[in-house]
Amino acid sequence: MISQFFILSSKGDPLIYKDFRGDTGGRDVAELFYRKLTGLSGDESPVVMHHDDRHFIHIRHSGLYLVATTSENISPFSLLELLSRLATLLGDYCGSLNEGTISRNVALVYELLDEVLDYGYVQTTSMEMLRNFIQTEAVVSKPFSLFDLSSVGLFGAETQQSKVAPSSAASRPVLASRSDQSQKNEVFLDVVERLSVLIASNGSLLKVDVQGEIRLKSFLPSGSEMRIGLTEEFCVGKSELRGYGPGIRVDEVSFHSSVLLEEFESHRILRLQPPQGEAPGLPEVTMRPAPKKPSSQCQTAPSPATRGGQVSGRATGARAVAPTSLDERVAPGRVELACPGKAGTEPSVSPNSSLSQELSGPEQKAELGEGALRWDLPRVQGGSQLSGLFQMDVPGLPGPPGQGPSTSAPLGLGPASLSFELPRHTCSGLQVRFLRLAFRPCGNTNPHKWVRHLSHSDAYVIRI
Amino acid sequence: MPYLGSEDVVKELKKALCNPHVQADRLRYRNVIQRVIRMPKLDQWGQAEVLNFLLRYQPRSEEELFDILNLLDSFLKSSSPGVVMGATKLFLILAKKFPHVQTDVLVQVKGPLLAACSSESRELCFAALCHVRQILHSLPGHFSSHYKKFFCSYSEPHYIKLQKVEVLCELVNDENVQQVLEELRGYCTDVSADFAQAAIFAIGGIARTYTDQCVQILTELLGLRQEHITTVVVQTFRDLVWLCPQCTEAVCQALPGCEENIQDSEGKQALIWLLGVHGERIPNAPYVLEDFVENVKSETFPAVKMELLTALLRLFLSRPAECQDMLGRLLHYCIEEEKDMAVRDRGLFYYRLLLAGIDGVKQILCSPKSDPSLGLLEDQAERPVNSWASDFNTLVPVYGKARWATISKYQGPERRGPELPNAASFATSGPLIPEESKETVQELPDSGALMLVPNSQLTAEYFEKTWFSLKVAHQQVFPWRGAVHPDTLQMALQVVNIQTIAMSRAGAQPWKAYLSAQDDTGCLFLTELLLEPENSEMQISVKQNEPRTETLNSFISVLETVLGTIGDIKS
């Protein structure tokens, strides 16, 4: 049971405020919340906060705070789930969720809240039900896009428009406005995997974890059936083995209750009738003990050297080599290596610390900032090897006398973490074989089906 | 509720479940329950709500109970964490008397909880971590094989990292201790000082079981010569030496040299305490303390000065030649120049104590240097699942039990006032406790010939020895409702000159307290109070070193009066 719900911008301005029960406080609650949030001390958690007899529970979603207040001791799981569901719903209706779209669509948001919550109780969050009640249309501001121009087809050239959709294609309101007849039938299917890898300083893998998820956003009229074929070698658990190849092994899979699994056992086909908008998810939870190979390796060979007998000055050199043991086909977009300074070396950012670098490519960039060394690689080709040699002077840090530089870890640098995105590649090897629609469109066009595979690094950390 | 769950039936059923007439009729209620459980087309919010309603139902027979549990089994496999947790709570509460069923459920819920712990939503992850900690309190080995799931990653926010460190500290066992310590050691040099300190405290927590490895890691950390690391390590050492005396030697060897890297009050106090108590094993202890004495004028924290006075006096007892001169200087400074009253009084006190003779000083200052039994008494190892089952899937674990207690005390009387007048009356009578206790004191001299001596000082060891050597002279049970507030009780007992030797924390189960008192003839009364979680009775056992029934009876009546007063206020 929720007493109030409000949305704050990242700066704390209230965008939406709704009181459901009128039992507590007034509008200044939003202000109070933001004051409490910014005034928190280090070891307090912001998720649940308390003032007088009111609990504030919030989530942060694309820079906005979605906050619910309640005076009851309710289930935190349900409430957090509701808040993230609300975020998805608002995103579906307004196109995307950010400060601009919310303030343009205030009327729509209030209408939606009215239908979803009544006197603080959830009524429904299903798109199916809600579409019958929501009358307001979303105000969309069309961003200027080069793709619009390219569709003109300069000099009669075939454009890529028919094969590639811009990344913003899916961020539009799910419900077609009545006036707009050019509504496209589209389905977006993303296979997203998050990697968290921990590599020890000697190169051995300490921890590899892949969590994957299939996301579906459908603009089709609801009720149309859909079949998704996954890779046949997909096996769940330890015992089972399918196909001849190494197989794709996952520890655990869970499906949304609306997914029909009759053909899953035999042919790895999921059948479902997705509602419009972002389906609440057919999360495929993957926990894998060890993959075939880490997708990208980074060797950092630190060579600490003391300079000219000064005890106070200490140079830390790090040679980072990043051979990517990937197929040539896979090209990770942008790779960023961040190496935070360790405790006590924050002064390393001070102007009198110097950084000398040798990089293997001209377009790469390395800089010191926010207490960390950042090495930016705009484009990395699969199978290539890149190296960078950094030498950092950290002043004012006395090296441990007597012990020499051979202590367990050089003091100057923390673990290096890589952040990257691998499009068209999944670490587990899970692929969507096909996506078939049982539905025959009454209109003129065939539905467009877009399938994306993507893995990105959640935490890819290499100890130095 | 107009269209909840998209089914009219649901609406009807939910109404029926709230209807007192239906609830009064067991058979009708049971039918309704059966229909609700079999409801296939509820959405997740409906399911969560229904599970919440079902908490009110108490099955009449075992058969019915397992019937319901079987029907609800599918909810445990739901993809919505809210429903899974709701179902788990229901299982835990319904299967109150079947611990193996509870354990089974907690095994089943492991997967969803771990998935939530690594979910993309930070907030959900946090809530899940809090619940993992809750489960670990009862089943310490439950998540041990999944310890890698709780390693922190670089990009996580601070509050999640802190929770994960706590979890790691609790799930450690023989198999994973090496890896967990390795990981925690990595955190100790994190950029964020708060996080680094939390990691060091966590290592200190693990050190109570795996002392050698941890002390070694902590000693290595001292070598880094970082201020914020050194101060926390020294504080950890202080607590460790108190609880695990076997590591004293290693700690004493590690200490020299770290005084250069300590600037804050907490760290200085810990270091000075260690130097004072174990000074005879640290060769340069007097010289370190001398530095502190030299700089005492510029010292800003009174607590450090107090600590310094005590430590120096203790060290003086074991190494008089090296300390005499500076002790004199320190006392002179504290008495003549110090502005802080508490420090000056402490200085004067020690001065007069020294005047009274060195034997007296020894008797007073040489208290035990460690007390492992205290740690064991405080660490109520495994709490039963039933003690927190009703808090599962609520805000209590998310806030943490201690914070929740302050919150609910704060809002309790206003919110629950009309339903539970007891709570309100407690709140108003709360501040009156001391006065009422004083009344009991005044009537005490009339109640019998018993005169309890105010300053009967008993050490815990002496108490333990005497306790085991004596037989129970008197045993009785005393009606008691609710939990005990140890502070209140201790205060009230002090007023009647009964000394508290040891006491469990508030809310611990079973709750225990050991009391001692001495009358003017030197007769000792040793008492154990025991509050079992199930019974609503306090069991009192009294032992006496001289068998005299009339004083025993009057002692018991005194004790009863105090307990009665506290009990009345409570209930």
# chains A, B, ... in the order shown; residues from 1 in each chain; ligands from 1
$ interface_residues --of "chain B" --to "chain A" --cutoff "6 Å" --atoms "only C-alpha atoms" --output "compact mmCIF listing (two decimals) with all heavy atoms, in the first residue's frame"
# COMPACT_ATOMS: atom_id res chain seq x y z
N LEU B 4 -8.86 -5.88 -10.44
CA LEU B 4 -7.63 -6.54 -10.05
C LEU B 4 -7.57 -7.96 -10.59
O LEU B 4 -8.50 -8.72 -10.48
CB LEU B 4 -7.51 -6.58 -8.53
CG LEU B 4 -6.17 -7.11 -8.03
CD1 LEU B 4 -5.71 -6.30 -6.87
CD2 LEU B 4 -6.25 -8.55 -7.67
N SER B 79 8.58 -16.06 -11.48
CA SER B 79 9.71 -15.25 -11.94
C SER B 79 9.75 -13.89 -11.26
O SER B 79 10.70 -13.14 -11.42
CB SER B 79 9.65 -15.07 -13.45
OG SER B 79 8.53 -14.28 -13.77
N GLY B 82 9.00 -10.69 -5.83
CA GLY B 82 8.03 -10.34 -4.80
C GLY B 82 7.17 -11.54 -4.44
O GLY B 82 6.91 -11.80 -3.26
N SER B 153 32.08 -5.73 -7.03
CA SER B 153 32.67 -5.33 -8.30
C SER B 153 32.88 -3.83 -8.28
O SER B 153 32.25 -3.09 -7.54
CB SER B 153 31.81 -5.76 -9.46
OG SER B 153 30.77 -4.85 -9.65
N TYR B 159 26.75 1.35 -0.85
CA TYR B 159 25.93 0.63 0.12
C TYR B 159 25.85 -0.84 -0.20
O TYR B 159 25.72 -1.68 0.70
CB TYR B 159 24.54 1.26 0.25
CG TYR B 159 23.74 1.36 -1.03
CD1 TYR B 159 22.89 0.34 -1.42
CD2 TYR B 159 23.82 2.49 -1.82
CE1 TYR B 159 22.15 0.44 -2.58
CE2 TYR B 159 23.08 2.60 -2.97
CZ TYR B 159 22.25 1.57 -3.36
OH TYR B 159 21.51 1.67 -4.50
N THR B 189 42.64 -1.87 0.44
CA THR B 189 43.39 -0.76 -0.13
C THR B 189 42.55 -0.01 -1.14
O THR B 189 43.07 0.66 -2.02
CB THR B 189 44.66 -1.28 -0.80
OG1 THR B 189 44.33 -2.40 -1.61
CG2 THR B 189 45.67 -1.69 0.22
N ASP B 190 41.24 -0.11 -1.01
CA ASP B 190 40.35 0.59 -1.92
C ASP B 190 40.51 2.10 -1.78
O ASP B 190 40.95 2.60 -0.76
CB ASP B 190 38.91 0.19 -1.61
CG ASP B 190 37.97 0.56 -2.74
OD1 ASP B 190 37.83 -0.26 -3.65
OD2 ASP B 190 37.42 1.68 -2.71
N VAL B 191 40.13 2.79 -2.86
CA VAL B 191 40.24 4.25 -2.83
C VAL B 191 39.33 4.84 -1.77
O VAL B 191 39.69 5.78 -1.08
CB VAL B 191 39.85 4.84 -4.20
CG1 VAL B 191 40.09 6.32 -4.21
CG2 VAL B 191 40.63 4.17 -5.30
N ASN B 393 10.71 -10.73 4.27
CA ASN B 393 9.98 -10.01 3.22
C ASN B 393 9.24 -8.79 3.78
O ASN B 393 8.15 -8.46 3.34
CB ASN B 393 9.00 -10.95 2.52
CG ASN B 393 8.49 -10.35 1.22
OD1 ASN B 393 9.15 -9.52 0.61
ND2 ASN B 393 7.31 -10.75 0.81
N THR B 394 9.81 -8.15 4.79
CA THR B 394 9.28 -6.86 5.23
C THR B 394 10.45 -5.89 5.22
O THR B 394 11.54 -6.23 4.80
CB THR B 394 8.70 -6.93 6.65
OG1 THR B 394 9.77 -7.23 7.53
CG2 THR B 394 7.61 -7.96 6.76
N LEU B 395 10.20 -4.71 5.74
CA LEU B 395 11.27 -3.71 5.75
C LEU B 395 12.28 -3.96 6.86
O LEU B 395 13.34 -3.35 6.88
CB LEU B 395 10.67 -2.31 5.91
CG LEU B 395 9.79 -1.84 4.76
CD1 LEU B 395 9.18 -0.49 5.07
CD2 LEU B 395 10.61 -1.74 3.49
N GLN B 411 7.69 5.42 16.33
CA GLN B 411 6.37 5.63 15.76
C GLN B 411 5.33 4.73 16.41
O GLN B 411 4.14 4.87 16.15
CB GLN B 411 6.40 5.40 14.26
CG GLN B 411 6.76 3.99 13.85
CD GLN B 411 6.81 3.82 12.35
OE1 GLN B 411 6.89 2.73 11.87
NE2 GLN B 411 6.73 4.92 11.62
$ atom_distance --atom1 "atom CA of B:Phe316" --atom2 "atom CA of B:Leu222"
27.4 Å
$ atom_distance --atom1 "atom CA of A:Ile134" --atom2 "atom CA of A:Ala30"
26.3 Å
$ atom_distance --atom1 "atom CA of B:Cys258" --atom2 "atom CA of B:Thr230"
6.9 Å
$ closest_residue --among "B:Ala508, B:Leu489, B:Leu315, B:Ala95" --to "B:Ser387" --atoms "only C-alpha atoms"
B:Ala508
$ residues_around --residues "B:Thr209" --least-positions-apart "3" --cutoff "10 Å" --atoms "only C-alpha atoms" --output "PyMOL selection string"
chain B and resi 172-174+204-206+212-214+244
$ select_by_dssp --residues "stretch 474-558 of chain B" --states "alpha helix (DSSP H)" --output "list in words"
Pro486, Asp487, Thr488, Leu489, Gln490, Met491, Ala492, Leu493, Gln494, Val495, Thr549, Glu550, Thr551, Leu552, Asn553, Ser554, Phe555, Ile556, Ser557 and Val558 of chain B
$ write_last_selection --atoms "N, CA, C and O atoms" --output "PDB file, in the first residue's frame"
ATOM      1  N   PRO B 486      17.673  -4.758  28.853  1.00  0.00           N
ATOM      2  CA  PRO B 486      18.772  -4.986  29.800  1.00  0.00           C
ATOM      3  C   PRO B 486      19.192  -3.709  30.515  1.00  0.00           C
ATOM      4  O   PRO B 486      19.488  -3.743  31.715  1.00  0.00           O
ATOM      5  N   ASP B 487      19.203  -2.592  29.793  1.00  0.00           N
ATOM      6  CA  ASP B 487      19.674  -1.353  30.413  1.00  0.00           C
ATOM      7  C   ASP B 487      18.790  -0.954  31.588  1.00  0.00           C
ATOM      8  O   ASP B 487      19.267  -0.617  32.677  1.00  0.00           O
ATOM      9  N   THR B 488      17.481  -1.027  31.343  1.00  0.00           N
ATOM     10  CA  THR B 488      16.533  -0.659  32.377  1.00  0.00           C
ATOM     11  C   THR B 488      16.707  -1.558  33.591  1.00  0.00           C
ATOM     12  O   THR B 488      16.773  -1.099  34.739  1.00  0.00           O
ATOM     13  N   LEU B 489      16.805  -2.864  33.296  1.00  0.00           N
ATOM     14  CA  LEU B 489      16.901  -3.826  34.375  1.00  0.00           C
ATOM     15  C   LEU B 489      18.179  -3.602  35.178  1.00  0.00           C
ATOM     16  O   LEU B 489      18.173  -3.576  36.409  1.00  0.00           O
ATOM     17  N   GLN B 490      19.269  -3.380  34.446  1.00  0.00           N
ATOM     18  CA  GLN B 490      20.548  -3.216  35.113  1.00  0.00           C
ATOM     19  C   GLN B 490      20.522  -1.992  36.026  1.00  0.00           C
ATOM     20  O   GLN B 490      20.996  -2.028  37.159  1.00  0.00           O
ATOM     21  N   MET B 491      19.886  -0.921  35.502  1.00  0.00           N
ATOM     22  CA  MET B 491      19.826   0.312  36.274  1.00  0.00           C
ATOM     23  C   MET B 491      19.039   0.073  37.557  1.00  0.00           C
ATOM     24  O   MET B 491      19.455   0.456  38.657  1.00  0.00           O
ATOM     25  N   ALA B 492      17.887  -0.610  37.394  1.00  0.00           N
ATOM     26  CA  ALA B 492      17.031  -0.843  38.547  1.00  0.00           C
ATOM     27  C   ALA B 492      17.737  -1.714  39.576  1.00  0.00           C
ATOM     28  O   ALA B 492      17.633  -1.494  40.785  1.00  0.00           O
ATOM     29  N   LEU B 493      18.490  -2.716  39.087  1.00  0.00           N
ATOM     30  CA  LEU B 493      19.183  -3.609  40.009  1.00  0.00           C
ATOM     31  C   LEU B 493      20.288  -2.875  40.752  1.00  0.00           C
ATOM     32  O   LEU B 493      20.540  -3.118  41.934  1.00  0.00           O
ATOM     33  N   GLN B 494      20.921  -1.961  40.045  1.00  0.00           N
ATOM     34  CA  GLN B 494      21.997  -1.210  40.662  1.00  0.00           C
ATOM     35  C   GLN B 494      21.479  -0.386  41.833  1.00  0.00           C
ATOM     36  O   GLN B 494      22.150  -0.249  42.855  1.00  0.00           O
ATOM     37  N   VAL B 495      20.271   0.143  41.659  1.00  0.00           N
ATOM     38  CA  VAL B 495      19.683   0.973  42.698  1.00  0.00           C
ATOM     39  C   VAL B 495      19.553   0.183  44.004  1.00  0.00           C
ATOM     40  O   VAL B 495      19.764   0.709  45.089  1.00  0.00           O
ATOM     41  N   THR B 549      18.545 -19.092  55.626  1.00  0.00           N
ATOM     42  CA  THR B 549      17.279 -18.996  54.911  1.00  0.00           C
ATOM     43  C   THR B 549      16.638 -17.620  55.019  1.00  0.00           C
ATOM     44  O   THR B 549      16.063 -17.137  54.056  1.00  0.00           O
ATOM     45  N   GLU B 550      16.747 -16.992  56.197  1.00  0.00           N
ATOM     46  CA  GLU B 550      15.989 -15.726  56.337  1.00  0.00           C
ATOM     47  C   GLU B 550      16.558 -14.643  55.430  1.00  0.00           C
ATOM     48  O   GLU B 550      15.801 -13.906  54.771  1.00  0.00           O
ATOM     49  N   THR B 551      17.916 -14.563  55.338  1.00  0.00           N
ATOM     50  CA  THR B 551      18.474 -13.564  54.419  1.00  0.00           C
ATOM     51  C   THR B 551      18.173 -13.943  52.973  1.00  0.00           C
ATOM     52  O   THR B 551      17.920 -13.086  52.143  1.00  0.00           O
ATOM     53  N   LEU B 552      18.195 -15.245  52.698  1.00  0.00           N
ATOM     54  CA  LEU B 552      17.883 -15.695  51.340  1.00  0.00           C
ATOM     55  C   LEU B 552      16.492 -15.244  50.942  1.00  0.00           C
ATOM     56  O   LEU B 552      16.273 -14.675  49.867  1.00  0.00           O
ATOM     57  N   ASN B 553      15.531 -15.457  51.865  1.00  0.00           N
ATOM     58  CA  ASN B 553      14.157 -15.079  51.542  1.00  0.00           C
ATOM     59  C   ASN B 553      14.032 -13.586  51.307  1.00  0.00           C
ATOM     60  O   ASN B 553      13.344 -13.142  50.390  1.00  0.00           O
ATOM     61  N   SER B 554      14.723 -12.805  52.148  1.00  0.00           N
ATOM     62  CA  SER B 554      14.571 -11.366  51.956  1.00  0.00           C
ATOM     63  C   SER B 554      15.271 -10.929  50.661  1.00  0.00           C
ATOM     64  O   SER B 554      14.797 -10.029  49.960  1.00  0.00           O
ATOM     65  N   PHE B 555      16.385 -11.615  50.310  1.00  0.00           N
ATOM     66  CA  PHE B 555      17.032 -11.280  49.035  1.00  0.00           C
ATOM     67  C   PHE B 555      16.097 -11.555  47.867  1.00  0.00           C
ATOM     68  O   PHE B 555      15.944 -10.750  46.952  1.00  0.00           O
ATOM     69  N   ILE B 556      15.422 -12.712  47.957  1.00  0.00           N
ATOM     70  CA  ILE B 556      14.523 -13.067  46.859  1.00  0.00           C
ATOM     71  C   ILE B 556      13.373 -12.082  46.763  1.00  0.00           C
ATOM     72  O   ILE B 556      12.957 -11.686  45.671  1.00  0.00           O
ATOM     73  N   SER B 557      12.893 -11.644  47.899  1.00  0.00           N
ATOM     74  CA  SER B 557      11.786 -10.690  47.848  1.00  0.00           C
ATOM     75  C   SER B 557      12.255  -9.372  47.222  1.00  0.00           C
ATOM     76  O   SER B 557      11.516  -8.734  46.474  1.00  0.00           O
ATOM     77  N   VAL B 558      13.496  -8.968  47.514  1.00  0.00           N
ATOM     78  CA  VAL B 558      14.032  -7.753  46.893  1.00  0.00           C
ATOM     79  C   VAL B 558      14.067  -7.928  45.378  1.00  0.00           C
ATOM     80  O   VAL B 558      13.604  -7.083  44.611  1.00  0.00           O
TER      81      VAL B 558
END
$ residues_around --residues "B:Pro59" --least-positions-apart "4" --cutoff "10 Å" --atoms "only C-alpha atoms" --output "ChimeraX atom specification"
/B:26,30,63-68,94
$ write_last_selection --atoms "all heavy atoms" --output "compact mmCIF listing (two decimals), in the first residue's frame"
# COMPACT_ATOMS: atom_id res chain seq x y z
N ARG B 26 -15.05 -21.70 10.10
CA ARG B 26 -13.84 -22.38 9.65
C ARG B 26 -14.03 -23.06 8.31
O ARG B 26 -13.18 -23.00 7.43
CB ARG B 26 -13.40 -23.44 10.66
CG ARG B 26 -12.96 -22.89 11.98
CD ARG B 26 -11.80 -21.96 11.84
NE ARG B 26 -10.52 -22.64 11.80
CZ ARG B 26 -9.36 -22.00 11.88
NH1 ARG B 26 -9.36 -20.69 12.04
NH2 ARG B 26 -8.25 -22.64 11.81
N ARG B 30 -12.10 -22.23 4.91
CA ARG B 30 -11.22 -23.21 4.29
C ARG B 30 -11.54 -23.35 2.81
O ARG B 30 -10.64 -23.41 1.96
CB ARG B 30 -11.39 -24.54 5.01
CG ARG B 30 -10.38 -25.55 4.60
CD ARG B 30 -10.36 -26.74 5.53
NE ARG B 30 -9.34 -27.67 5.07
CZ ARG B 30 -9.57 -28.57 4.14
NH1 ARG B 30 -10.76 -28.67 3.60
NH2 ARG B 30 -8.59 -29.37 3.75
N GLU B 63 -2.26 -32.50 7.97
CA GLU B 63 -2.62 -32.89 6.61
C GLU B 63 -2.99 -31.66 5.79
O GLU B 63 -2.53 -31.47 4.67
CB GLU B 63 -3.80 -33.84 6.70
CG GLU B 63 -3.93 -34.77 5.53
CD GLU B 63 -5.16 -35.66 5.73
OE1 GLU B 63 -5.45 -36.00 6.90
OE2 GLU B 63 -5.81 -35.97 4.74
N GLU B 64 -3.84 -30.84 6.40
CA GLU B 64 -4.29 -29.64 5.71
C GLU B 64 -3.11 -28.72 5.41
O GLU B 64 -3.01 -28.14 4.33
CB GLU B 64 -5.31 -28.92 6.60
CG GLU B 64 -6.01 -27.80 5.89
CD GLU B 64 -6.90 -27.02 6.83
OE1 GLU B 64 -7.15 -27.52 7.95
OE2 GLU B 64 -7.32 -25.93 6.46
N LEU B 65 -2.21 -28.64 6.37
CA LEU B 65 -1.03 -27.78 6.21
C LEU B 65 -0.23 -28.20 4.98
O LEU B 65 0.07 -27.39 4.11
CB LEU B 65 -0.18 -27.87 7.48
CG LEU B 65 1.22 -27.29 7.36
CD1 LEU B 65 1.16 -25.79 7.50
CD2 LEU B 65 2.14 -27.86 8.41
N PHE B 66 0.05 -29.50 4.90
CA PHE B 66 0.87 -29.94 3.77
C PHE B 66 0.11 -29.85 2.46
O PHE B 66 0.69 -29.65 1.39
CB PHE B 66 1.40 -31.36 4.02
CG PHE B 66 2.51 -31.36 5.02
CD1 PHE B 66 2.34 -31.82 6.30
CD2 PHE B 66 3.74 -30.82 4.66
CE1 PHE B 66 3.36 -31.78 7.21
CE2 PHE B 66 4.78 -30.78 5.58
CZ PHE B 66 4.59 -31.26 6.86
N ASP B 67 -1.21 -30.00 2.56
CA ASP B 67 -2.06 -29.80 1.40
C ASP B 67 -1.85 -28.39 0.83
O ASP B 67 -1.60 -28.20 -0.36
CB ASP B 67 -3.51 -29.98 1.85
CG ASP B 67 -4.37 -30.39 0.69
OD1 ASP B 67 -3.81 -30.97 -0.26
OD2 ASP B 67 -5.58 -30.13 0.74
N ILE B 68 -1.94 -27.41 1.73
CA ILE B 68 -1.77 -26.03 1.31
C ILE B 68 -0.37 -25.80 0.75
O ILE B 68 -0.19 -25.19 -0.30
CB ILE B 68 -2.03 -25.07 2.49
CG1 ILE B 68 -3.50 -25.13 2.89
CG2 ILE B 68 -1.62 -23.65 2.16
CD1 ILE B 68 -3.86 -24.20 3.99
N LEU B 94 3.93 -21.00 8.15
CA LEU B 94 3.03 -22.15 8.29
C LEU B 94 3.77 -23.36 8.84
O LEU B 94 3.25 -24.11 9.66
CB LEU B 94 2.41 -22.50 6.93
CG LEU B 94 1.32 -21.57 6.41
CD1 LEU B 94 0.74 -22.12 5.14
CD2 LEU B 94 0.22 -21.38 7.44
$ residues_around --residues "stretch 312-314 of chain B" --least-positions-apart "2" --cutoff "12 Å" --atoms "only C-alpha atoms" --output "PyMOL selection string"
chain B and resi 272-280+285-293+304-310+316-320+322-331+346-347+349-351+353-354+358+361-367+369
